[in-house]
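J.: File name query26.txt; file contents compact mmCIF, C-alpha atoms; full text below.
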# COMPACT_ATOMS: atom_id res chain seq x y z
CA MET D 1 55.81 92.09 103.91
CA ALA D 2 58.92 94.14 104.65
CA LYS D 3 61.88 93.66 102.33
CA ALA D 4 65.52 94.03 103.37
CA ILE D 5 68.95 93.81 101.77
CA GLY D 6 71.63 92.22 103.92
CA LEU D 7 75.42 92.13 103.77
CA PHE D 8 76.21 88.43 103.60
CA SER D 9 79.75 87.15 104.22
CA GLY D 10 78.84 83.49 104.64
CA GLY D 11 80.07 83.47 108.24
CA LEU D 12 77.81 82.28 111.03
CA ASP D 13 76.71 85.77 112.09
CA SER D 14 75.47 86.73 108.63
CA VAL D 15 73.74 83.34 108.25
CA LEU D 16 71.92 83.85 111.55
CA ALA D 17 70.90 87.40 110.64
CA VAL D 18 69.28 86.13 107.45
CA LEU D 19 67.48 83.26 109.18
CA LEU D 20 66.27 85.43 112.05
CA LEU D 21 64.73 88.02 109.75
CA GLN D 22 63.15 85.33 107.61
CA LYS D 23 61.63 83.89 110.78
CA LEU D 24 60.17 87.33 111.53
CA GLY D 25 58.52 87.43 108.10
CA VAL D 26 60.98 89.70 106.30
CA GLU D 27 61.80 89.05 102.65
CA VAL D 28 65.59 89.16 102.43
CA LEU D 29 68.04 89.69 99.60
CA PRO D 30 71.55 88.77 100.76
CA ILE D 31 74.33 90.46 98.81
CA THR D 32 78.05 89.85 98.81
CA PHE D 33 80.94 91.69 97.22
CA SER D 34 83.75 90.75 94.88
CA SER D 35 87.16 92.34 94.31
CA PRO D 36 90.74 91.20 93.73
CA PHE D 37 91.13 91.05 97.52
CA PHE D 38 88.36 88.60 98.39
CA ASN D 39 86.21 86.23 96.40
CA THR D 40 82.75 84.79 96.74
CA LYS D 41 83.43 81.04 96.66
CA LYS D 42 82.96 80.34 100.38
CA THR D 43 80.12 82.83 100.63
CA LEU D 44 78.14 81.13 97.89
CA ALA D 45 78.83 77.72 99.42
CA ALA D 46 77.44 78.96 102.76
CA ALA D 47 74.36 80.32 101.01
CA ASP D 48 73.71 76.98 99.38
CA LYS D 49 73.70 75.28 102.78
CA ILE D 50 70.75 77.39 103.94
CA ASN D 51 69.06 77.41 100.54
CA ILE D 52 69.25 81.11 99.75
CA SER D 53 70.29 83.00 96.63
CA VAL D 54 72.95 85.70 96.91
CA ARG D 55 73.54 88.61 94.59
CA ILE D 56 77.15 89.60 93.87
CA LEU D 57 78.24 93.23 93.54
CA ASP D 58 81.71 94.13 92.26
CA ILE D 59 83.31 96.97 94.23
CA THR D 60 86.81 96.80 92.75
CA ASP D 61 87.10 100.35 91.45
CA PRO D 62 85.81 102.27 94.50
CA LEU D 63 87.74 99.99 96.85
CA ILE D 64 91.02 100.62 95.03
CA GLU D 65 90.34 104.35 95.33
CA ILE D 66 89.83 103.92 99.08
CA LEU D 67 93.16 102.06 99.34
CA ARG D 68 94.99 105.13 98.09
CA ASN D 69 93.90 107.20 101.10
CA PRO D 70 91.28 105.72 103.46
CA GLU D 71 89.62 108.35 105.64
CA TYR D 72 89.78 106.12 108.72
CA GLY D 73 93.14 104.55 107.97
CA PHE D 74 94.24 100.95 107.88
CA GLY D 75 94.14 98.08 110.33
CA LYS D 76 97.26 96.08 111.04
CA ASN D 77 98.02 95.75 107.33
CA MET D 78 96.36 97.23 104.21
CA ASN D 79 92.82 96.59 105.44
CA PRO D 80 90.73 99.82 105.53
CA CYS D 81 87.92 98.05 107.38
CA VAL D 82 85.87 101.06 108.45
CA ASP D 83 85.93 102.68 105.01
CA CYS D 84 85.36 99.33 103.29
CA HIS D 85 82.33 98.43 105.42
CA ALA D 86 80.89 101.89 104.81
CA LEU D 87 81.40 101.42 101.07
CA MET D 88 79.55 98.09 101.17
CA LEU D 89 76.61 99.60 103.04
CA ASN D 90 76.55 102.55 100.66
CA GLU D 91 76.38 100.20 97.66
CA ALA D 92 73.66 98.19 99.41
CA GLY D 93 71.76 101.40 100.19
CA LYS D 94 71.80 102.50 96.57
CA LEU D 95 70.46 99.10 95.56
CA MET D 96 67.79 99.36 98.26
CA GLU D 97 66.56 102.66 96.83
CA LYS D 98 66.73 101.47 93.24
CA GLU D 99 64.78 98.25 93.80
CA GLY D 100 62.29 99.39 96.43
CA PHE D 101 63.54 97.58 99.53
CA ASP D 102 62.73 98.91 102.98
CA PHE D 103 65.94 98.62 104.98
CA LEU D 104 69.44 97.15 105.27
CA PHE D 105 70.87 94.66 107.73
CA THR D 106 74.18 93.08 108.70
CA GLY D 107 75.22 90.21 110.94
CA GLU D 108 77.55 92.36 113.03
CA VAL D 109 77.68 91.72 116.77
CA LEU D 110 78.53 94.54 119.14
CA ASN D 111 82.09 94.23 120.53
CA GLU D 112 82.72 90.90 118.83
CA ARG D 113 85.70 92.40 117.03
CA PRO D 114 87.73 94.91 119.04
CA MET D 115 88.45 97.32 116.18
CA SER D 116 85.56 97.16 113.72
CA GLN D 117 82.54 96.29 115.87
CA THR D 118 82.74 98.66 118.81
CA MET D 119 79.84 101.04 119.31
CA SER D 120 81.99 103.84 117.95
CA ALA D 121 83.04 101.90 114.85
CA LEU D 122 79.49 100.76 114.08
CA THR D 123 78.26 104.33 114.41
CA ILE D 124 81.00 105.71 112.16
CA VAL D 125 80.39 103.08 109.49
CA ALA D 126 76.65 103.69 109.51
CA LYS D 127 77.05 107.46 109.26
CA LYS D 128 79.69 107.29 106.53
CA SER D 129 77.53 104.93 104.48
CA GLY D 130 74.85 107.60 104.13
CA TYR D 131 72.12 105.17 105.24
CA ALA D 132 72.54 105.10 109.02
CA ASP D 133 68.85 105.15 109.90
CA TYR D 134 68.10 102.25 107.55
CA ILE D 135 70.65 99.83 109.00
CA LEU D 136 69.47 97.06 111.33
CA ARG D 137 71.88 94.78 113.15
CA PRO D 138 69.42 92.15 114.37
CA LEU D 139 71.83 90.09 116.45
CA SER D 140 72.67 93.06 118.70
CA ALA D 141 69.70 95.34 118.05
CA LYS D 142 68.55 95.50 121.68
CA ARG D 143 71.92 96.97 122.67
CA LEU D 144 71.88 99.56 119.88
CA PRO D 145 69.78 102.66 119.19
CA GLN D 146 66.56 102.00 117.31
CA THR D 147 66.60 102.63 113.60
CA LYS D 148 63.82 103.28 111.09
CA PRO D 149 62.74 99.66 110.46
CA GLU D 150 62.13 99.20 114.20
CA ARG D 151 60.44 102.56 114.76
CA GLU D 152 58.10 102.02 111.80
CA GLY D 153 57.19 98.50 112.88
CA LEU D 154 58.78 96.74 109.91
CA VAL D 155 60.35 94.41 112.46
CA ASP D 156 59.36 93.67 116.05
CA ARG D 157 62.23 94.90 118.24
CA SER D 158 61.16 92.56 121.03
CA GLN D 159 62.00 89.61 118.75
CA LEU D 160 65.50 90.87 118.00
CA LEU D 161 68.59 89.89 120.00
CA ASP D 162 71.13 91.38 122.39
CA PHE D 163 74.34 89.50 121.55
CA CYS D 164 77.51 91.25 122.67
CA GLY D 165 81.16 90.37 123.02
CA ARG D 166 83.55 87.81 121.61
CA SER D 167 81.96 84.64 122.95
CA ARG D 168 80.43 82.53 120.20
CA LYS D 169 78.20 80.51 122.53
CA PRO D 170 74.99 82.49 121.86
CA GLN D 171 75.49 82.19 118.09
CA ILE D 172 76.20 78.47 118.29
CA ALA D 173 73.09 77.91 120.42
CA LEU D 174 70.96 79.90 117.96
CA ALA D 175 72.47 77.97 115.04
CA GLU D 176 71.35 74.74 116.68
CA GLU D 177 67.81 76.12 116.97
CA PHE D 178 67.84 76.86 113.25
CA GLY D 179 69.36 73.48 112.43
CA VAL D 180 72.59 74.99 111.14
CA THR D 181 75.41 72.57 111.84
CA GLN D 182 78.09 73.61 109.34
CA TYR D 183 79.36 77.14 108.92
CA GLU D 184 82.48 79.11 108.07
CA ASN D 185 84.86 80.35 110.75
CA PRO D 186 84.59 84.05 111.61
CA ALA D 187 86.97 86.46 109.89
CA GLY D 188 89.60 85.47 107.35
CA GLY D 189 89.51 85.54 103.57
CA CYS D 190 90.43 89.16 102.91
CA LEU D 191 93.92 89.39 101.41
CA LEU D 192 94.26 92.94 102.70
CA THR D 193 94.63 91.57 106.23
CA TYR D 194 97.77 89.57 105.31
CA GLU D 195 101.20 91.11 105.75
CA GLY D 196 102.84 89.57 102.68
CA TYR D 197 100.05 90.60 100.34
CA SER D 198 99.95 94.08 101.86
CA LEU D 199 103.67 94.61 101.22
CA LYS D 200 103.19 93.72 97.57
CA LEU D 201 100.11 95.92 97.31
CA ARG D 202 101.88 98.95 98.80
CA ASP D 203 104.68 98.48 96.27
CA LEU D 204 102.21 98.24 93.38
CA LEU D 205 100.31 101.37 94.40
CA LYS D 206 103.59 103.26 94.74
CA HIS D 207 105.15 102.24 91.42
CA THR D 208 102.07 101.61 89.25
CA PRO D 209 99.19 103.68 90.65
CA GLY D 210 97.09 103.11 87.54
CA ALA D 211 97.77 99.38 87.38
CA PRO D 212 95.24 97.28 85.47
CA LEU D 213 93.12 94.82 87.40
CA ARG D 214 95.17 91.76 86.49
CA GLN D 215 98.22 93.16 88.30
CA TYR D 216 96.25 92.99 91.54
CA ASP D 217 95.45 89.35 90.74
CA LEU D 218 99.16 88.66 90.16
CA LEU D 219 99.91 89.76 93.73
CA ARG D 220 98.34 86.55 95.00
CA MET D 221 101.20 84.25 94.03
CA GLY D 222 104.95 84.08 93.61
CA ARG D 223 108.03 85.86 94.86
CA HIS D 224 107.88 89.53 93.87
CA PHE D 225 110.92 91.62 93.01
CA ARG D 226 111.17 95.32 92.17
CA LEU D 227 114.01 95.65 89.66
CA PRO D 228 116.49 98.59 89.45
CA CYS D 229 114.78 100.34 86.52
CA GLY D 230 111.34 99.95 88.05
CA ASN D 231 109.98 96.82 86.35
CA LYS D 232 108.34 94.05 88.39
CA LEU D 233 109.55 90.43 88.30
CA ILE D 234 107.34 87.65 89.63
CA VAL D 235 108.91 84.22 90.18
CA GLY D 236 106.86 81.07 90.68
CA LYS D 237 107.63 79.00 93.78
CA ASP D 238 106.21 75.67 92.61
CA LYS D 239 104.48 73.97 89.69
CA ASN D 240 101.07 75.46 90.48
CA GLU D 241 102.45 78.98 90.65
CA ASN D 242 104.44 78.49 87.45
CA GLU D 243 101.27 77.39 85.67
CA PHE D 244 99.34 80.33 87.14
CA LEU D 245 101.92 82.82 85.84
CA LEU D 246 101.87 81.28 82.38
CA SER D 247 98.07 81.40 82.36
CA GLN D 248 98.16 85.11 83.19
CA LYS D 249 100.78 86.24 80.68
CA GLN D 250 99.79 88.71 78.00
CA ALA D 251 101.36 89.53 74.67
CA HIS D 252 103.59 92.33 75.97
CA ASP D 253 104.88 90.39 79.01
CA ILE D 254 108.35 88.90 79.23
CA VAL D 255 108.54 85.23 80.28
CA LEU D 256 111.85 83.96 81.70
CA GLN D 257 112.99 80.43 82.43
CA GLY D 258 116.12 78.32 82.38
CA HIS D 259 116.92 76.98 78.91
CA ASN D 260 116.69 73.18 78.83
CA ILE D 261 117.11 72.96 82.62
CA LYS D 262 114.72 72.71 85.54
CA SER D 263 113.70 76.25 86.36
CA PRO D 264 110.97 78.42 87.84
CA ILE D 265 108.89 80.65 85.59
CA GLY D 266 109.53 84.36 85.80
CA LEU D 267 107.13 87.02 84.53
CA ILE D 268 107.77 90.70 83.89
CA PRO D 269 104.36 92.28 83.24
CA CYS D 270 104.53 94.85 80.41
CA PRO D 271 108.15 96.00 80.93
CA THR D 272 108.82 99.64 80.16
CA ASP D 273 112.29 98.90 78.71
CA SER D 274 114.98 96.21 78.66
CA CYS D 275 117.34 97.65 81.27
CA ASP D 276 116.17 95.18 83.93
CA PHE D 277 116.46 92.01 81.86
CA ASP D 278 119.97 91.03 82.98
CA THR D 279 119.05 91.48 86.65
CA ALA D 280 115.87 89.45 86.15
CA CYS D 281 117.84 86.65 84.46
CA ARG D 282 120.32 86.50 87.34
CA ILE D 283 117.45 86.27 89.84
CA ILE D 284 115.88 83.38 87.89
CA ALA D 285 119.30 81.72 87.69
CA ARG D 286 119.53 81.80 91.48
CA TYR D 287 116.77 79.17 91.61
CA CYS D 288 118.39 76.89 88.98
CA LYS D 289 120.82 74.09 89.82
CA PRO D 290 123.93 74.94 87.75
CA ASP D 291 126.48 76.50 90.05
CA THR D 292 127.77 79.47 88.07
CA ARG D 293 126.79 80.33 84.48
CA VAL D 294 123.12 79.63 83.67
CA PRO D 295 121.32 79.95 80.29
CA ILE D 296 118.07 81.87 80.72
CA GLU D 297 115.53 82.12 77.92
CA LEU D 298 113.45 85.28 77.49
CA THR D 299 110.37 85.27 75.28
CA ARG D 300 107.67 87.77 74.37
CA GLU D 301 104.91 87.73 71.79
CA THR D 302 104.66 91.47 70.99
CA PRO D 303 107.07 92.84 69.95
CA ALA D 304 108.51 89.42 69.22
CA LEU D 305 111.45 88.40 71.39
CA SER D 306 113.25 85.09 71.84
CA VAL D 307 116.76 85.20 73.21
CA ILE D 308 118.96 83.15 75.50
CA LYS D 309 121.22 84.96 77.94
CA GLU D 310 123.95 83.13 79.80
CA VAL D 311 124.33 84.84 83.15
CA THR D 312 126.09 84.45 86.46
CA LYS D 313 123.53 83.54 89.08
CA PHE D 314 122.88 85.86 91.99
CA SER D 315 123.57 84.71 95.51
CA PRO D 316 120.54 84.78 97.83
CA GLU D 317 121.87 87.99 99.38
CA GLU D 318 122.23 89.65 95.98
CA SER D 319 118.76 88.77 94.75
CA ASP D 320 117.07 89.57 98.06
CA VAL D 321 118.10 93.21 97.62
CA TYR D 322 115.25 93.43 95.10
CA LEU D 323 112.79 91.20 96.94
CA ILE D 324 109.47 92.77 97.95
CA THR D 325 108.12 89.65 99.60
CA VAL D 326 107.82 85.92 99.03
Is it possible to express this structure as structure tokens?
T.:
Amino acid sequence: MAKAIGLFSGGLDSVLAVLLLQKLGVEVLPITFSSPFFNTKKTLAAADKINISVRILDITDPLIEILRNPEYGFGKNMNPCVDCHALMLNEAGKLMEKEGFDFLFTGEVLNERPMSQTMSALTIVAKKSGYADYILRPLSAKRLPQTKPEREGLVDRSQLLDFCGRSRKPQIALAEEFGVTQYENPAGGCLLTYEGYSLKLRDLLKHTPGAPLRQYDLLRMGRHFRLPCGNKLIVGKDKNENEFLLSQKQAHDIVLQGHNIKSPIGLIPCPTDSCDFDTACRIIARYCKPDTRVPIELTRETPALSVIKEVTKFSPEESDVYLITV
């Protein structure tokens, strides 16, 4: 029995690719990837629905390196889709060689996505991955050049499909044949495709190129400000975000909030010095109800700090000078 490793996103296309190859007698190992920019929750839920186990590979470090200078550039925002897909296939290929699998597969459909699934893009990704001849795209295989698993008879090309274009009707019809009635929408889920997140990420890479992993996690929530001396201030927008920031604080972080008044939580991750503290306090004060002078409490565990500064609140225009994005 042939054995194949497949890139599994949890979307309908990847589900169908797994089920089709299983129907053809191939033993499949679906894999998915984790990073600060996408998680595996929906993917694992989709796998449960079709009763398959998925292996998770963390690609945080090589993906962050790609973000610094992707060979094939970015999409609309900070999404280096071509380089990222090639990275995933390269990681899958290394696993294939290590564990004795025969080939790789994906659920990609030719021309379904205008930028990342054209013939040119699929060819570039396959070549850049280093495993081009091992990659099978079973949903569109009849429209693509044959690769090693087809030539060697590991799969019967006549049983593969010729899906093409953006219409989802062929996939939906095939899903009905397989008894799949619930599935995730195509696309979505990658934070790198969102404008607001991308603005914050560009700022982080510029000012803190060696940022620890948790600073990428902190980009997911809050209003983000770049202060005059270079420190970052993150301000929670609601109770959930305030609680998230408090859960993420570390001993060297500064926590800011109004003293004995209703206030958002502010977090300065590992400040380099204190020159930004007054500006940060005035930004926090902007979101507090007192009209003019506002007491703001600053605390830190190491080195110990607990002070209250009474500051004049910024106007929206004054604080927005430092705003990266909400």
J.: Please compute the atom CA of D:Arg300-atom CA of D:Tyr197 distance, one decimal, in Å.
T.: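 Calculated distance between atom CA of D:Arg300 and atom CA of D:Tyr197 is 27.2 Å.
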J.: Which residue, D:Pro138, D:Gly107, D:Pro228, D:Gly236, has the smallest gap to D:Gln257 when you use only C-alpha atoms?
T.: D:Gly236
J.: Distance atom CA of D:Arg214-atom CA of D:Phe244, one decimal place?
T.: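 Distance between the two atoms: 12.2 Å.
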J.: Name the residues, using the chain letters and numbers of the file, that sit within 8 Å of (112.5, 81.0, 80.0) when counting all atoms listed in the file, and give them as a VMD selection string.
T.: chain D and resid 255 to 259 265 to 266 296 to 299
J.: State, in Å with one decimal place, the distance from atom CA of D:Gly153 to atom CA of D:Ala141.
T.: 13.9 Å
J.: Would you kindly return, as a list of chain:residue names, each protein, DNA or RNA residue with an atom no farther than 9 Å from any atom of D:Arg143, considering all atoms listed in the file and excluding same-chain residues fewer than 6 positions away?
T.: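 Result of the neighbour search: D:Leu110, D:Leu161, D:Asp162, D:Phe163, D:Cys164.
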J.: Can you list, as JSON, numbers by chain, every protein, DNA or RNA residue that comes within 10 Å of D:Thr32 when you count only C-alpha atoms, leaving out same-chain residues fewer than 5 positions away?
T.: {"D": [6, 7, 8, 9, 10, 39, 40, 43, 44, 54, 55, 56, 57, 58, 59, 88, 92]}
J.: Name the residues in contact with D:Pro80 at a cut-off of 12 Å, using all atoms listed in the file, excluding same-chain residues fewer than 2 positions from it; report them as a VMD selection string.
T.: chain D and resid 37 63 to 78 82 to 87 115 to 116 125 190 to 193 198
J.: Considering all atoms listed in the file, can you say which of D:Leu144, D:Ser306, D:Arg226, D:Arg293 comes closest to D:Asp320?
T.: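 Of D:Leu144, D:Ser306, D:Arg226, D:Arg293, the one nearest D:Asp320 is D:Arg226, counting all atoms listed in the file.
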J.: Counting only C-alpha atoms, what is within 12 Å of D:Leu139, bar same-chain residues fewer than 3 positions away, as a PyMOL selection string?
T.: chain D and resi 12-21+105-112+136+142-144+157-165+170-171+174
J.: Got a sec to check which residues sit within 10 Å of (61.0, 94.7, 95.4), counting all atoms listed in the file, and write them as number ranges by chain?
T.: D: 2-4, 27, 29, 96-102
J.: Residues within 10 Å of D:Phe314, please, as a VMD selection string. Count all atoms listed in the file; anything in the same chain fewer than 2 positions from it doesn't count.
T.: chain D and resid 279 to 287 292 311 to 312 316 to 320
J.: From the list D:Pro36, D:Gly230, D:Pro149, D:Pro303, which residue is nearest D:His252 when using all atoms listed in the file?
T.: D:Pro303
J.: Find, counting all atoms listed in the file, the residue in D:Phe103, D:Pro264, D:Lys206, D:Leu213 that gets nearest to D:Val155.
T.: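 Looking at the shortest contact to D:Val155, the residue is D:Phe103.
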J.: With N, CA and C atoms as the target, complete stretch 146-180 of chain D and hand it back as an mmCIF file, in the coordinates of the input.
T.:
data_model
loop_
_atom_site.group_PDB
_atom_site.id
_atom_site.type_symbol
_atom_site.label_atom_id
_atom_site.label_comp_id
_atom_site.auth_asym_id
_atom_site.auth_seq_id
_atom_site.Cartn_x
_atom_site.Cartn_y
_atom_site.Cartn_z
ATOM 1 N N GLN D 146 67.548 102.411 118.307
ATOM 2 C CA GLN D 146 66.560 102.000 117.310
ATOM 3 C C GLN D 146 66.795 102.727 115.995
ATOM 4 N N THR D 147 66.539 102.006 114.917
ATOM 5 C CA THR D 147 66.600 102.630 113.600
ATOM 6 C C THR D 147 65.228 102.537 112.942
ATOM 7 N N LYS D 148 65.110 103.114 111.764
ATOM 8 C CA LYS D 148 63.820 103.280 111.090
ATOM 9 C C LYS D 148 62.996 102.001 110.981
ATOM 10 N N PRO D 149 63.590 100.860 110.586
ATOM 11 C CA PRO D 149 62.740 99.660 110.460
ATOM 12 C C PRO D 149 62.089 99.237 111.775
ATOM 13 N N GLU D 150 62.731 99.520 112.907
ATOM 14 C CA GLU D 150 62.130 99.200 114.200
ATOM 15 C C GLU D 150 61.052 100.228 114.564
ATOM 16 N N ARG D 151 61.387 101.509 114.386
ATOM 17 C CA ARG D 151 60.440 102.560 114.760
ATOM 18 C C ARG D 151 59.156 102.468 113.944
ATOM 19 N N GLU D 152 59.272 102.072 112.682
ATOM 20 C CA GLU D 152 58.100 102.020 111.800
ATOM 21 C C GLU D 152 57.390 100.667 111.847
ATOM 22 N N GLY D 153 57.868 99.771 112.709
ATOM 23 C CA GLY D 153 57.190 98.500 112.880
ATOM 24 C C GLY D 153 57.423 97.489 111.764
ATOM 25 N N LEU D 154 58.463 97.715 110.959
ATOM 26 C CA LEU D 154 58.780 96.740 109.910
ATOM 27 C C LEU D 154 59.328 95.456 110.511
ATOM 28 N N VAL D 155 59.934 95.574 111.671
ATOM 29 C CA VAL D 155 60.350 94.410 112.460
ATOM 30 C C VAL D 155 59.953 94.659 113.905
ATOM 31 N N ASP D 156 59.730 93.591 114.637
ATOM 32 C CA ASP D 156 59.360 93.670 116.050
ATOM 33 C C ASP D 156 60.636 93.650 116.880
ATOM 34 N N ARG D 157 60.969 94.794 117.486
ATOM 35 C CA ARG D 157 62.230 94.900 118.240
ATOM 36 C C ARG D 157 62.289 93.860 119.359
ATOM 37 N N SER D 158 61.158 93.519 119.917
ATOM 38 C CA SER D 158 61.160 92.560 121.030
ATOM 39 C C SER D 158 61.636 91.173 120.585
ATOM 40 N N GLN D 159 61.581 90.901 119.265
ATOM 41 C CA GLN D 159 62.000 89.610 118.750
ATOM 42 C C GLN D 159 63.466 89.613 118.290
ATOM 43 N N LEU D 160 64.091 90.775 118.376
ATOM 44 C CA LEU D 160 65.500 90.870 118.000
ATOM 45 C C LEU D 160 66.375 90.505 119.203
ATOM 46 N N LEU D 161 67.689 90.474 119.004
ATOM 47 C CA LEU D 161 68.590 89.890 120.000
ATOM 48 C C LEU D 161 69.520 90.921 120.614
ATOM 49 N N ASP D 162 70.242 90.472 121.657
ATOM 50 C CA ASP D 162 71.130 91.380 122.390
ATOM 51 C C ASP D 162 72.539 90.801 122.514
ATOM 52 N N PHE D 163 73.005 90.101 121.497
ATOM 53 C CA PHE D 163 74.340 89.500 121.550
ATOM 54 C C PHE D 163 75.391 90.604 121.705
ATOM 55 N N CYS D 164 76.437 90.281 122.465
ATOM 56 C CA CYS D 164 77.510 91.250 122.670
ATOM 57 C C CYS D 164 78.763 90.497 123.096
ATOM 58 N N GLY D 165 79.894 90.940 122.592
ATOM 59 C CA GLY D 165 81.160 90.370 123.020
ATOM 60 C C GLY D 165 81.682 89.286 122.091
ATOM 61 N N ARG D 166 82.812 88.720 122.492
ATOM 62 C CA ARG D 166 83.550 87.810 121.610
ATOM 63 C C ARG D 166 83.150 86.343 121.769
ATOM 64 N N SER D 167 82.399 86.019 122.779
ATOM 65 C CA SER D 167 81.960 84.640 122.950
ATOM 66 C C SER D 167 81.044 84.226 121.805
ATOM 67 N N ARG D 168 81.255 83.012 121.296
ATOM 68 C CA ARG D 168 80.430 82.530 120.200
ATOM 69 C C ARG D 168 79.291 81.620 120.699
ATOM 70 N N LYS D 169 79.211 81.436 122.006
ATOM 71 C CA LYS D 169 78.200 80.510 122.530
ATOM 72 C C LYS D 169 76.771 80.882 122.154
ATOM 73 N N PRO D 170 76.375 82.166 122.241
ATOM 74 C CA PRO D 170 74.990 82.490 121.860
ATOM 75 C C PRO D 170 74.715 82.190 120.380
ATOM 76 N N GLN D 171 75.682 82.473 119.518
ATOM 77 C CA GLN D 171 75.490 82.190 118.090
ATOM 78 C C GLN D 171 75.380 80.688 117.838
ATOM 79 N N ILE D 172 76.224 79.920 118.497
ATOM 80 C CA ILE D 172 76.200 78.470 118.290
ATOM 81 C C ILE D 172 74.876 77.880 118.770
ATOM 82 N N ALA D 173 74.386 78.392 119.905
ATOM 83 C CA ALA D 173 73.090 77.910 120.420
ATOM 84 C C ALA D 173 71.964 78.267 119.448
ATOM 85 N N LEU D 174 72.003 79.489 118.906
ATOM 86 C CA LEU D 174 70.960 79.900 117.960
ATOM 87 C C LEU D 174 71.064 79.076 116.670
ATOM 88 N N ALA D 175 72.287 78.794 116.244
ATOM 89 C CA ALA D 175 72.470 77.970 115.040
ATOM 90 C C ALA D 175 71.830 76.606 115.225
ATOM 91 N N GLU D 176 71.972 76.040 116.409
ATOM 92 C CA GLU D 176 71.350 74.740 116.680
ATOM 93 C C GLU D 176 69.836 74.826 116.583
ATOM 94 N N GLU D 177 69.261 75.940 117.076
ATOM 95 C CA GLU D 177 67.810 76.120 116.970
ATOM 96 C C GLU D 177 67.353 76.153 115.519
ATOM 97 N N PHE D 178 68.178 76.758 114.667
ATOM 98 C CA PHE D 178 67.840 76.860 113.250
ATOM 99 C C PHE D 178 68.245 75.615 112.465
ATOM 100 N N GLY D 179 68.912 74.681 113.114
ATOM 101 C CA GLY D 179 69.360 73.480 112.430
ATOM 102 C C GLY D 179 70.590 73.672 111.578
ATOM 103 N N VAL D 180 71.350 74.715 111.873
ATOM 104 C CA VAL D 180 72.590 74.990 111.140
ATOM 105 C C VAL D 180 73.738 74.291 111.865
#
